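So this block is work-v6.cif, mmCIF, C-alpha atoms and all ligand atoms:
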data_work
#
loop_
_atom_site.group_PDB
_atom_site.id
_atom_site.type_symbol
_atom_site.label_atom_id
_atom_site.label_comp_id
_atom_site.auth_asym_id
_atom_site.auth_seq_id
_atom_site.Cartn_x
_atom_site.Cartn_y
_atom_site.Cartn_z
ATOM 1 C CA MET K 1 20.357 9.437 12.487
ATOM 2 C CA ILE K 2 17.239 7.275 12.517
ATOM 3 C CA ARG K 3 16.823 4.528 9.904
ATOM 4 C CA ALA K 4 13.573 2.844 9.006
ATOM 5 C CA GLU K 5 12.025 0.359 6.621
ATOM 6 C CA ALA K 6 8.547 0.903 5.148
ATOM 7 C CA TYR K 7 6.525 -2.108 3.956
ATOM 8 C CA ALA K 8 4.095 -2.211 1.034
ATOM 9 C CA LYS K 9 0.483 -3.316 1.537
ATOM 10 C CA VAL K 10 -1.774 -5.639 -0.405
ATOM 11 C CA ASN K 11 -5.572 -5.544 -0.219
ATOM 12 C CA PHE K 12 -7.242 -8.899 0.308
ATOM 13 C CA GLY K 13 -10.466 -7.647 -1.211
ATOM 14 C CA LEU K 14 -11.674 -4.047 -1.273
ATOM 15 C CA ARG K 15 -15.385 -3.321 -1.018
ATOM 16 C CA VAL K 16 -16.363 0.236 -1.931
ATOM 17 C CA GLY K 17 -19.421 2.160 -0.739
ATOM 18 C CA ARG K 18 -21.042 5.290 -2.118
ATOM 19 C CA LEU K 19 -19.228 8.627 -2.473
ATOM 20 C CA ARG K 20 -19.507 10.472 0.846
ATOM 21 C CA GLU K 21 -20.029 14.189 1.387
ATOM 22 C CA ASP K 22 -16.372 14.598 2.329
ATOM 23 C CA GLY K 23 -15.283 13.392 -1.139
ATOM 24 C CA PHE K 24 -14.136 9.956 0.054
ATOM 25 C CA HIS K 25 -15.751 6.536 -0.337
ATOM 26 C CA SER K 26 -16.240 4.142 2.510
ATOM 27 C CA VAL K 27 -14.137 1.035 1.994
ATOM 28 C CA ALA K 28 -13.831 -2.337 3.696
ATOM 29 C CA GLY K 29 -11.312 -5.138 3.405
ATOM 30 C CA ILE K 30 -8.446 -7.061 4.932
ATOM 31 C CA PHE K 31 -5.162 -5.228 4.422
ATOM 32 C CA GLN K 32 -1.810 -7.016 4.686
ATOM 33 C CA SER K 33 1.753 -5.654 4.988
ATOM 34 C CA VAL K 34 4.235 -7.402 2.683
ATOM 35 C CA HIS K 35 8.009 -7.539 2.348
ATOM 36 C CA ILE K 36 8.484 -5.048 -0.447
ATOM 37 C CA VAL K 37 10.541 -2.463 1.355
ATOM 38 C CA ASP K 38 11.435 1.242 1.010
ATOM 39 C CA ARG K 39 14.375 2.446 3.148
ATOM 40 C CA LEU K 40 14.371 5.839 4.838
ATOM 41 C CA THR K 41 16.520 7.918 7.163
ATOM 42 C CA LEU K 42 15.849 11.091 9.159
ATOM 43 C CA ASP K 43 18.570 13.283 10.623
ATOM 44 C CA SER K 44 19.062 16.834 11.885
ATOM 45 C CA ALA K 45 20.343 19.252 9.222
ATOM 46 C CA ASP K 46 20.963 22.949 8.447
ATOM 47 C CA ARG K 47 17.887 23.076 6.248
ATOM 48 C CA ASP K 48 14.994 20.810 5.284
ATOM 49 C CA SER K 49 15.671 18.342 2.479
ATOM 50 C CA ILE K 50 14.504 15.079 0.997
ATOM 51 C CA ALA K 51 16.584 13.083 -1.481
ATOM 52 C CA THR K 52 17.717 9.549 -2.130
ATOM 53 C CA SER K 53 20.568 8.322 0.080
ATOM 54 C CA ASP K 54 23.056 9.039 -2.735
ATOM 55 C CA GLY K 55 21.786 12.594 -3.121
ATOM 56 C CA ARG K 56 19.470 12.298 -6.127
ATOM 57 C CA PRO K 57 16.312 14.409 -6.034
ATOM 58 C CA VAL K 58 12.949 12.922 -5.085
ATOM 59 C CA ALA K 59 10.011 13.871 -7.333
ATOM 60 C CA ASP K 60 7.689 16.576 -6.012
ATOM 61 C CA GLU K 61 9.927 17.136 -2.995
ATOM 62 C CA MET K 62 7.865 19.033 -0.483
ATOM 63 C CA ARG K 63 4.676 17.110 -1.288
ATOM 64 C CA ASN K 64 6.512 13.847 -0.606
ATOM 65 C CA LEU K 65 4.524 11.936 1.997
ATOM 66 C CA ALA K 66 7.528 10.893 4.118
ATOM 67 C CA PHE K 67 8.593 14.517 4.328
ATOM 68 C CA ARG K 68 5.050 15.774 5.004
ATOM 69 C CA ALA K 69 4.721 13.207 7.792
ATOM 70 C CA ALA K 70 7.947 14.427 9.400
ATOM 71 C CA ASP K 71 6.778 18.026 9.041
ATOM 72 C CA ALA K 72 3.407 17.230 10.687
ATOM 73 C CA VAL K 73 5.150 15.642 13.676
ATOM 74 C CA ARG K 74 7.546 18.588 13.959
ATOM 75 C CA SER K 75 4.639 21.073 13.993
ATOM 76 C CA PHE K 76 2.855 18.976 16.607
ATOM 77 C CA ALA K 77 6.008 19.024 18.723
ATOM 78 C CA GLY K 78 6.217 22.825 18.363
ATOM 79 C CA SER K 79 9.697 22.575 16.859
ATOM 80 C CA SER K 80 11.255 24.315 13.848
ATOM 81 C CA ARG K 81 14.373 22.141 13.765
ATOM 82 C CA PRO K 82 15.280 21.363 10.111
ATOM 83 C CA VAL K 83 15.471 17.689 9.088
ATOM 84 C CA ALA K 84 17.060 15.803 6.216
ATOM 85 C CA VAL K 85 15.041 12.812 5.045
ATOM 86 C CA THR K 86 16.400 10.208 2.638
ATOM 87 C CA LEU K 87 14.204 7.775 0.749
ATOM 88 C CA ASP K 88 15.314 4.798 -1.351
ATOM 89 C CA LYS K 89 12.300 3.320 -3.057
ATOM 90 C CA ALA K 90 11.679 -0.294 -3.951
ATOM 91 C CA ILE K 91 7.867 -0.189 -3.724
ATOM 92 C CA PRO K 92 6.497 0.670 -7.180
ATOM 93 C CA ALA K 93 4.605 3.998 -7.228
ATOM 94 C CA ALA K 94 0.994 4.402 -8.442
ATOM 95 C CA ALA K 95 0.580 0.636 -8.235
ATOM 96 C CA GLY K 96 -2.003 0.053 -5.498
ATOM 97 C CA LEU K 97 0.694 -1.146 -3.093
ATOM 98 C CA GLY K 98 0.522 1.825 -0.724
ATOM 99 C CA GLY K 99 4.132 2.881 -1.288
ATOM 100 C CA GLY K 100 3.593 6.565 -0.481
ATOM 101 C CA SER K 101 1.451 5.667 2.534
ATOM 102 C CA ALA K 102 4.110 3.268 3.836
ATOM 103 C CA ASP K 103 6.709 6.044 3.532
ATOM 104 C CA ALA K 104 4.363 8.375 5.427
ATOM 105 C CA ALA K 105 3.931 5.833 8.227
ATOM 106 C CA ALA K 106 7.703 5.357 8.506
ATOM 107 C CA GLY K 107 8.105 9.158 8.386
ATOM 108 C CA LEU K 108 5.676 9.502 11.311
ATOM 109 C CA ALA K 109 7.504 6.811 13.258
ATOM 110 C CA MET K 110 10.989 8.248 12.651
ATOM 111 C CA ALA K 111 9.918 11.823 13.394
ATOM 112 C CA GLY K 112 7.989 10.629 16.459
ATOM 113 C CA ARG K 113 11.229 9.203 17.799
ATOM 114 C CA PHE K 114 13.233 12.290 16.749
ATOM 115 C CA PHE K 115 10.876 14.923 18.191
ATOM 116 C CA GLY K 116 9.691 12.834 21.155
ATOM 117 C CA VAL K 117 6.026 12.503 20.096
ATOM 118 C CA GLU K 118 3.906 9.659 21.500
ATOM 119 C CA PRO K 119 2.530 6.895 19.213
ATOM 120 C CA ALA K 120 -1.084 7.856 20.037
ATOM 121 C CA ALA K 121 -0.479 11.343 18.630
ATOM 122 C CA LEU K 122 1.056 9.834 15.480
ATOM 123 C CA THR K 123 -2.078 7.722 15.001
ATOM 124 C CA GLY K 124 -4.122 10.938 15.160
ATOM 125 C CA MET K 125 -2.033 12.525 12.381
ATOM 126 C CA ALA K 126 -2.135 9.528 10.018
ATOM 127 C CA PRO K 127 -5.532 10.031 8.269
ATOM 128 C CA GLN K 128 -4.680 13.585 7.164
ATOM 129 C CA LEU K 129 -1.681 12.232 5.276
ATOM 130 C CA GLY K 130 -3.732 9.694 3.303
ATOM 131 C CA SER K 131 -6.439 7.074 3.654
ATOM 132 C CA ASP K 132 -3.971 4.146 3.708
ATOM 133 C CA VAL K 133 -1.592 5.733 6.229
ATOM 134 C CA PRO K 134 -3.520 4.566 9.354
ATOM 135 C CA PHE K 135 -3.221 0.966 8.165
ATOM 136 C CA CYS K 136 0.463 1.334 7.233
ATOM 137 C CA LEU K 137 1.177 2.776 10.682
ATOM 138 C CA ALA K 138 -0.592 -0.168 12.378
ATOM 139 C CA GLY K 139 0.833 -2.743 9.910
ATOM 140 C CA GLY K 140 0.581 -6.532 9.789
ATOM 141 C CA THR K 141 -2.891 -7.899 9.067
ATOM 142 C CA ALA K 142 -5.946 -5.739 9.768
ATOM 143 C CA ARG K 143 -9.598 -5.260 8.947
ATOM 144 C CA VAL K 144 -9.903 -1.742 7.562
ATOM 145 C CA SER K 145 -13.073 0.330 7.184
ATOM 146 C CA GLY K 146 -14.342 3.917 7.209
ATOM 147 C CA ARG K 147 -12.375 5.725 4.528
ATOM 148 C CA GLY K 148 -9.342 3.799 5.761
ATOM 149 C CA GLU K 149 -8.953 5.283 9.250
ATOM 150 C CA LYS K 150 -10.682 2.430 11.136
ATOM 151 C CA VAL K 151 -8.063 -0.253 11.606
ATOM 152 C CA GLU K 152 -8.698 -3.418 13.597
ATOM 153 C CA ARG K 153 -5.534 -5.506 13.956
ATOM 154 C CA LEU K 154 -6.040 -9.231 13.337
ATOM 155 C CA ASP K 155 -3.886 -12.244 14.187
ATOM 156 C CA ALA K 156 -1.004 -12.684 11.758
ATOM 157 C CA LEU K 157 -1.797 -14.853 8.751
ATOM 158 C CA SER K 158 0.647 -17.573 7.755
ATOM 159 C CA GLY K 159 0.985 -20.662 5.605
ATOM 160 C CA PHE K 160 1.167 -18.900 2.237
ATOM 161 C CA ALA K 161 3.160 -16.403 0.205
ATOM 162 C CA LEU K 162 2.247 -13.970 -2.554
ATOM 163 C CA ALA K 163 3.662 -13.212 -5.961
ATOM 164 C CA VAL K 164 3.034 -9.573 -6.896
ATOM 165 C CA VAL K 165 3.184 -8.245 -10.458
ATOM 166 C CA VAL K 166 2.821 -4.636 -11.577
ATOM 167 C CA PRO K 167 1.982 -4.388 -15.298
ATOM 168 C CA PRO K 168 3.543 -1.451 -17.206
ATOM 169 C CA LEU K 169 0.490 0.713 -16.501
ATOM 170 C CA GLU K 170 -0.303 3.461 -13.999
ATOM 171 C CA ILE K 171 -3.568 4.197 -12.228
ATOM 172 C CA ALA K 172 -4.004 7.175 -9.911
ATOM 173 C CA THR K 173 -6.224 6.232 -6.960
ATOM 174 C CA PRO K 174 -8.546 9.287 -7.280
ATOM 175 C CA ALA K 175 -9.108 8.430 -10.966
ATOM 176 C CA ALA K 176 -10.101 4.865 -10.060
ATOM 177 C CA PHE K 177 -12.650 6.049 -7.481
ATOM 178 C CA ARG K 178 -14.021 8.681 -9.910
ATOM 179 C CA MET K 179 -14.410 6.033 -12.596
ATOM 180 C CA TRP K 180 -16.184 3.740 -10.120
ATOM 181 C CA ASP K 181 -18.702 6.583 -9.548
ATOM 182 C CA ARG K 182 -19.090 7.113 -13.317
ATOM 183 C CA LEU K 183 -19.680 3.404 -13.927
ATOM 184 C CA ASP K 184 -22.423 3.586 -11.296
ATOM 185 C CA GLU K 185 -21.008 1.185 -8.744
ATOM 186 C CA PRO K 186 -20.124 -1.727 -11.046
ATOM 187 C CA GLU K 187 -19.886 -5.373 -9.983
ATOM 188 C CA GLY K 188 -16.442 -6.121 -8.487
ATOM 189 C CA MET K 189 -13.910 -8.846 -9.337
ATOM 190 C CA ARG K 190 -14.206 -11.965 -7.207
ATOM 191 C CA MET K 191 -11.776 -14.617 -6.048
ATOM 192 C CA PRO K 192 -13.721 -17.695 -4.903
ATOM 193 C CA GLN K 193 -13.321 -18.955 -1.367
ATOM 194 C CA SER K 194 -11.976 -22.280 -2.714
ATOM 195 C CA ALA K 195 -8.986 -20.431 -4.246
ATOM 196 C CA LEU K 196 -7.985 -18.788 -0.947
ATOM 197 C CA PRO K 197 -5.311 -19.994 1.482
ATOM 198 C CA PRO K 198 -6.932 -21.722 4.504
ATOM 199 C CA GLY K 199 -6.136 -18.791 6.816
ATOM 200 C CA LEU K 200 -8.251 -16.440 4.695
ATOM 201 C CA ARG K 201 -11.222 -18.701 3.929
ATOM 202 C CA ALA K 202 -13.213 -17.515 6.921
ATOM 203 C CA GLU K 203 -13.635 -14.232 5.032
ATOM 204 C CA GLY K 204 -15.645 -15.954 2.287
ATOM 205 C CA GLU K 205 -14.775 -14.911 -1.267
ATOM 206 C CA LEU K 206 -12.557 -11.870 -1.876
ATOM 207 C CA ILE K 207 -14.074 -9.027 -3.890
ATOM 208 C CA ASN K 208 -12.262 -5.995 -5.298
ATOM 209 C CA ASP K 209 -14.899 -3.484 -6.354
ATOM 210 C CA LEU K 210 -12.399 -1.182 -8.095
ATOM 211 C CA TYR K 211 -11.396 -3.712 -10.777
ATOM 212 C CA PRO K 212 -13.974 -2.657 -13.431
ATOM 213 C CA ALA K 213 -12.954 0.990 -12.934
ATOM 214 C CA ALA K 214 -9.250 0.109 -13.204
ATOM 215 C CA VAL K 215 -9.868 -1.862 -16.415
ATOM 216 C CA ARG K 216 -11.855 1.018 -17.912
ATOM 217 C CA ILE K 217 -8.885 3.324 -17.271
ATOM 218 C CA VAL K 218 -6.257 0.857 -18.588
ATOM 219 C CA PRO K 219 -7.958 -1.934 -20.600
ATOM 220 C CA GLN K 220 -4.644 -3.846 -20.959
ATOM 221 C CA LEU K 221 -4.943 -4.674 -17.269
ATOM 222 C CA ASP K 222 -7.501 -7.353 -18.080
ATOM 223 C CA ASP K 223 -5.094 -8.972 -20.600
ATOM 224 C CA TRP K 224 -2.363 -9.014 -17.955
ATOM 225 C CA ARG K 225 -4.716 -10.627 -15.458
ATOM 226 C CA ALA K 226 -5.824 -13.274 -17.981
ATOM 227 C CA ASP K 227 -2.196 -14.021 -18.993
ATOM 228 C CA LEU K 228 -1.138 -14.370 -15.360
ATOM 229 C CA GLU K 229 -4.051 -16.674 -14.581
ATOM 230 C CA GLN K 230 -2.956 -18.832 -17.512
ATOM 231 C CA VAL K 231 0.722 -18.907 -16.496
ATOM 232 C CA TRP K 232 0.030 -19.422 -12.782
ATOM 233 C CA GLY K 233 -2.960 -21.741 -13.227
ATOM 234 C CA ARG K 234 -4.985 -19.975 -10.561
ATOM 235 C CA PRO K 235 -7.153 -16.870 -10.026
ATOM 236 C CA VAL K 236 -5.353 -13.533 -9.837
ATOM 237 C CA MET K 237 -6.541 -10.559 -7.793
ATOM 238 C CA LEU K 238 -6.103 -6.795 -8.081
ATOM 239 C CA SER K 239 -4.655 -4.943 -5.070
ATOM 240 C CA GLY K 240 -6.417 -1.666 -4.225
ATOM 241 C CA SER K 241 -6.937 0.557 -7.255
ATOM 242 C CA GLY K 242 -4.173 -1.346 -9.068
ATOM 243 C CA PRO K 243 -2.588 -1.992 -11.403
ATOM 244 C CA SER K 244 -0.730 -4.436 -9.115
ATOM 245 C CA LEU K 245 -1.966 -8.035 -9.386
ATOM 246 C CA TYR K 246 -1.187 -10.933 -7.073
ATOM 247 C CA GLY K 247 -1.721 -14.647 -6.633
ATOM 248 C CA PHE K 248 -1.578 -16.943 -3.595
ATOM 249 C CA PHE K 249 1.160 -19.642 -3.370
ATOM 250 C CA VAL K 250 1.869 -22.264 -0.743
ATOM 251 C CA ASP K 251 5.313 -20.953 0.222
ATOM 252 C CA ALA K 252 8.070 -18.493 -0.678
ATOM 253 C CA ASP K 253 9.785 -20.928 -3.091
ATOM 254 C CA GLU K 254 6.639 -21.427 -5.112
ATOM 255 C CA ALA K 255 5.977 -17.660 -5.129
ATOM 256 C CA VAL K 256 9.553 -16.960 -6.339
ATOM 257 C CA GLY K 257 9.065 -19.459 -9.173
ATOM 258 C CA ALA K 258 5.760 -17.784 -10.071
ATOM 259 C CA ALA K 259 7.319 -14.290 -10.112
ATOM 260 C CA ASP K 260 10.145 -15.581 -12.360
ATOM 261 C CA ALA K 261 7.665 -17.101 -14.798
ATOM 262 C CA ILE K 262 5.687 -14.001 -15.634
ATOM 263 C CA PRO K 263 5.330 -12.457 -19.124
ATOM 264 C CA ALA K 264 8.035 -9.963 -20.187
ATOM 265 C CA GLY K 265 7.519 -6.234 -19.743
ATOM 266 C CA ALA K 266 6.158 -5.968 -16.191
ATOM 267 C CA ARG K 267 7.202 -2.928 -14.111
ATOM 268 C CA PHE K 268 7.707 -5.222 -11.137
ATOM 269 C CA ALA K 269 7.424 -8.955 -10.402
ATOM 270 C CA GLU K 270 8.492 -10.424 -7.069
ATOM 271 C CA ALA K 271 7.562 -12.908 -4.419
ATOM 272 C CA ALA K 272 6.397 -11.069 -1.298
ATOM 273 C CA ASP K 273 6.305 -12.663 2.134
ATOM 274 C CA LEU K 274 3.724 -11.406 4.590
ATOM 275 C CA SER K 275 5.056 -8.906 7.143
ATOM 276 C CA VAL K 276 3.766 -8.522 10.708
ATOM 277 C CA VAL K 277 4.687 -4.815 10.693
ATOM 278 C CA GLY K 278 4.107 -1.843 8.385
ATOM 279 C CA TRP K 279 7.385 -0.151 9.299
ATOM 280 C CA ARG K 280 10.422 -0.854 11.411
ATOM 281 C CA ILE K 281 13.057 1.413 12.984
ATOM 282 C CA THR K 282 16.255 -0.443 12.096
ATOM 283 C CA ASN K 283 18.838 1.294 14.291
ATOM 284 C CA HIS K 284 18.856 2.141 17.974
ATOM 285 C CA GLU K 285 21.297 5.055 18.354
HETATM 286 O O1 LIG K 301 -6.576 9.539 1.050
HETATM 287 P P1 LIG K 301 -5.847 9.568 -0.230
HETATM 288 O O2 LIG K 301 -5.035 10.828 -0.399
HETATM 289 O O3 LIG K 301 -5.042 8.352 -0.508
HETATM 290 O O4 LIG K 301 -6.959 9.576 -1.326
HETATM 291 C C1 LIG K 301 -6.731 10.036 -2.641
HETATM 292 C C2 LIG K 301 -8.070 10.188 -3.322
HETATM 293 O O5 LIG K 301 -8.644 8.888 -3.556
HETATM 294 C C3 LIG K 301 -9.113 10.934 -2.529
HETATM 295 O O6 LIG K 301 -8.988 12.320 -2.725
HETATM 296 C C4 LIG K 301 -10.396 10.381 -3.091
HETATM 297 O O7 LIG K 301 -10.657 10.983 -4.339
HETATM 298 C C5 LIG K 301 -10.042 8.923 -3.336
HETATM 299 N N1 LIG K 301 -10.405 8.069 -2.202
HETATM 300 C C6 LIG K 301 -11.745 7.816 -1.953
HETATM 301 N N2 LIG K 301 -12.102 7.041 -0.904
HETATM 302 C C7 LIG K 301 -11.163 6.489 -0.100
HETATM 303 C C8 LIG K 301 -9.808 6.724 -0.340
HETATM 304 C C9 LIG K 301 -9.453 7.525 -1.401
HETATM 305 O O8 LIG K 301 -12.611 8.297 -2.703
HETATM 306 N N3 LIG K 301 -11.545 5.717 0.929
#
Give the structure from the file, written as structure tokens.
Amino acid sequence: MIRAEAYAKVNFGLRVGRLREDGFHSVAGIFQSVHIVDRLTLDSADRDSIATSDGRPVADEMRNLAFRAADAVRSFAGSSRPVAVTLDKAIPAAAGLGGGSADAAAGLAMAGRFFGVEPAALTGMAPQLGSDVPFCLAGGTARVSGRGEKVERLDALSGFALAVVVPPLEIATPAAFRMWDRLDEPEGMRMPQSALPPGLRAEGELINDLYPAAVRIVPQLDDWRADLEQVWGRPVMLSGSGPSLYGFFVDADEAVGAADAIPAGARFAEAADLSVVGWRITNHE
């Protein structure tokens, strides 16, 4: 059996360009893996399955990205060997934290090990599974562009921690991009350079272009952002298409205090250290 961890991602800014002919938008930003962790296993079995580790069903089984990743690697390897995948989720879904993409990256990595497929081939399969999967497979800190498939690894950032809050709202990524088109490329949300940790200041201000679209879909998002800014006494940023929001803190202790202090009713509120990887195989059998 192969065990793996899959790490969530946060977008430090997300610039969006026009809708392309292939139905995607070009994007640009710094993406960062964080310690919000799904746990997965992959093992040989009599028939294909995906479930939680205690046997509960996983929604939309065969469209599950971890399973689809394993299946893609198996096809590439020319195998028909059935596999059992387990997935225990901690990364909130439909939150802008790349949970499904992280699972896909871990699925590629586990199946790559299982079926003997080289990392370079896994990298080639990642974009078909989703625009954030190439970043999640590379992990750590990276400058991402194209529709998400161009990933340039950067030196690890340090000297700060994040508190991440998911309001009780859901935003599907395609809906956020569609709304951005409908709003005719609205002005994004900005976090001034002066509010950034020193390691990120070289980037200038952070801008998330999807914020106005996210707020049009779920207007309460703007109230959550304003409340958090009040409670935390600092600017708060949207990750990806949201609704996850985050703030920068000097260290893990301060971020834990910030996550504990948030208004009642959030789907998720935790301190999240930066991770230097997007996934990790955690056993070596
Ligand atoms: O690639 P992924 O499956 O995550 O994308 C879901 C949808 O989000 C796409 O079908 C597209 O509508 C939108 N999207 C986009 N531009 C991107 C990434 C996603 O328009 N760079």
Note to self: At a cut-off of 6 Å around ligand LIG 301 (chain K), and using all atoms listed in the file, what residues come up? Please write them as a VMD selection string.
What the structure shows: chain K and resid 23 to 27 130 to 131 147 to 148 173 to 174 177
Emit as AutoDock Vina command-line options the padded axis-aligned box for all listed atoms of stretch 190-193 of chain K, 6 Å per side, with centre and edge lengths in Å to one decimal.
--center_x -13.0 --center_y -15.5 --center_z -4.3 --size_x 14.4 --size_y 19.0 --size_z 17.8
Notebook entry, point to check: Between K:Leu14, K:Met237, K:Leu162, K:Trp180, which has the minimum distance to K:Pro192 (counting all atoms listed in the file)?
Noted result: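 Result for the nearest residue to K:Pro192: K:Met237.
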inquiry  = Which residues, named as in the file, does the PyMOL selection byres (((chain K and resi 282) around 8) and not hetatm) pick out? Answer as a ChimeraX atom specification.
reply    = /K:2-5,280-281,283-284
Enumerate, as a PDB file with C-alpha atoms, in the coordinates of the input, the protein, DNA and RNA residues whose atoms approach (11.4, 11.1, 15.7) to within 10 Å, taking into account only C-alpha atoms and the coordinate frame of the file.
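Generated file (point16.pdb):
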ATOM      1  CA  MET K   1      20.357   9.437  12.487  1.00  0.00           C
ATOM      2  CA  ILE K   2      17.239   7.275  12.517  1.00  0.00           C
ATOM      3  CA  LEU K  42      15.849  11.091   9.159  1.00  0.00           C
ATOM      4  CA  ASP K  43      18.570  13.283  10.623  1.00  0.00           C
ATOM      5  CA  ALA K  70       7.947  14.427   9.400  1.00  0.00           C
ATOM      6  CA  VAL K  73       5.150  15.642  13.676  1.00  0.00           C
ATOM      7  CA  ARG K  74       7.546  18.588  13.959  1.00  0.00           C
ATOM      8  CA  ALA K 106       7.703   5.357   8.506  1.00  0.00           C
ATOM      9  CA  GLY K 107       8.105   9.158   8.386  1.00  0.00           C
ATOM     10  CA  LEU K 108       5.676   9.502  11.311  1.00  0.00           C
ATOM     11  CA  ALA K 109       7.504   6.811  13.258  1.00  0.00           C
ATOM     12  CA  MET K 110      10.989   8.248  12.651  1.00  0.00           C
ATOM     13  CA  ALA K 111       9.918  11.823  13.394  1.00  0.00           C
ATOM     14  CA  GLY K 112       7.989  10.629  16.459  1.00  0.00           C
ATOM     15  CA  ARG K 113      11.229   9.203  17.799  1.00  0.00           C
ATOM     16  CA  PHE K 114      13.233  12.290  16.749  1.00  0.00           C
ATOM     17  CA  PHE K 115      10.876  14.923  18.191  1.00  0.00           C
ATOM     18  CA  GLY K 116       9.691  12.834  21.155  1.00  0.00           C
ATOM     19  CA  VAL K 117       6.026  12.503  20.096  1.00  0.00           C
ATOM     20  CA  GLU K 118       3.906   9.659  21.500  1.00  0.00           C
TER      21      GLU K 118
END
Q.
With all atoms listed in the file as the counted atoms, please give the residues lying no more than 9 Å from K:Val256, apart from itself and same-chain residues fewer than 4 positions off, as a PyMOL selection string.
A. chain K and resi 162-163+251-252+260-261+270-272
Practice task
Quick one: pull the distance between atom CA of K:Tyr211 and atom CA of K:Arg63, Å, one decimal.
Solution key: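 That distance, rounded to one decimal, is 28.0 Å.
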- Do you know which residues are at most 8 Å from stretch 243-247 of chain K counting only C-alpha atoms, after dropping those on the same chain fewer than 4 positions away, and could you put them as a PyMOL selection string? chain K and resi 94-97+162-167+169-171+214+221+225+232+234-239
Among K:Pro198, K:Leu157, K:Glu149, K:Val215, K:Leu183 is approached most closely, using only C-alpha atoms, by K:Val215
Exercise. Using the chain letters and residue numbers of this document, give as number ranges by chain the residues selected by the PyMOL selection byres (((chain K and resi 279) around 12) and not hetatm).
Key: K: 3-9, 33-40, 99, 101-110, 133-140, 275-278, 280-282
Residues just named, written with C-alpha atoms as an mmCIF file, in the frame of the given file:
data_model
loop_
_atom_site.group_PDB
_atom_site.id
_atom_site.type_symbol
_atom_site.label_atom_id
_atom_site.label_comp_id
_atom_site.auth_asym_id
_atom_site.auth_seq_id
_atom_site.Cartn_x
_atom_site.Cartn_y
_atom_site.Cartn_z
ATOM 1 C CA ARG K 3 16.823 4.528 9.904
ATOM 2 C CA ALA K 4 13.573 2.844 9.006
ATOM 3 C CA GLU K 5 12.025 0.359 6.621
ATOM 4 C CA ALA K 6 8.547 0.903 5.148
ATOM 5 C CA TYR K 7 6.525 -2.108 3.956
ATOM 6 C CA ALA K 8 4.095 -2.211 1.034
ATOM 7 C CA LYS K 9 0.483 -3.316 1.537
ATOM 8 C CA SER K 33 1.753 -5.654 4.988
ATOM 9 C CA VAL K 34 4.235 -7.402 2.683
ATOM 10 C CA HIS K 35 8.009 -7.539 2.348
ATOM 11 C CA ILE K 36 8.484 -5.048 -0.447
ATOM 12 C CA VAL K 37 10.541 -2.463 1.355
ATOM 13 C CA ASP K 38 11.435 1.242 1.010
ATOM 14 C CA ARG K 39 14.375 2.446 3.148
ATOM 15 C CA LEU K 40 14.371 5.839 4.838
ATOM 16 C CA GLY K 99 4.132 2.881 -1.288
ATOM 17 C CA SER K 101 1.451 5.667 2.534
ATOM 18 C CA ALA K 102 4.110 3.268 3.836
ATOM 19 C CA ASP K 103 6.709 6.044 3.532
ATOM 20 C CA ALA K 104 4.363 8.375 5.427
ATOM 21 C CA ALA K 105 3.931 5.833 8.227
ATOM 22 C CA ALA K 106 7.703 5.357 8.506
ATOM 23 C CA GLY K 107 8.105 9.158 8.386
ATOM 24 C CA LEU K 108 5.676 9.502 11.311
ATOM 25 C CA ALA K 109 7.504 6.811 13.258
ATOM 26 C CA MET K 110 10.989 8.248 12.651
ATOM 27 C CA VAL K 133 -1.592 5.733 6.229
ATOM 28 C CA PRO K 134 -3.520 4.566 9.354
ATOM 29 C CA PHE K 135 -3.221 0.966 8.165
ATOM 30 C CA CYS K 136 0.463 1.334 7.233
ATOM 31 C CA LEU K 137 1.177 2.776 10.682
ATOM 32 C CA ALA K 138 -0.592 -0.168 12.378
ATOM 33 C CA GLY K 139 0.833 -2.743 9.910
ATOM 34 C CA GLY K 140 0.581 -6.532 9.789
ATOM 35 C CA SER K 275 5.056 -8.906 7.143
ATOM 36 C CA VAL K 276 3.766 -8.522 10.708
ATOM 37 C CA VAL K 277 4.687 -4.815 10.693
ATOM 38 C CA GLY K 278 4.107 -1.843 8.385
ATOM 39 C CA ARG K 280 10.422 -0.854 11.411
ATOM 40 C CA ILE K 281 13.057 1.413 12.984
ATOM 41 C CA THR K 282 16.255 -0.443 12.096
#
- One-decimal distance in Å that lies between atom CA of K:Trp224 and atom CA of K:Ala28: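 So the two atoms, atom CA of K:Ala28 and atom CA of K:Trp224, lie 25.4 Å apart.
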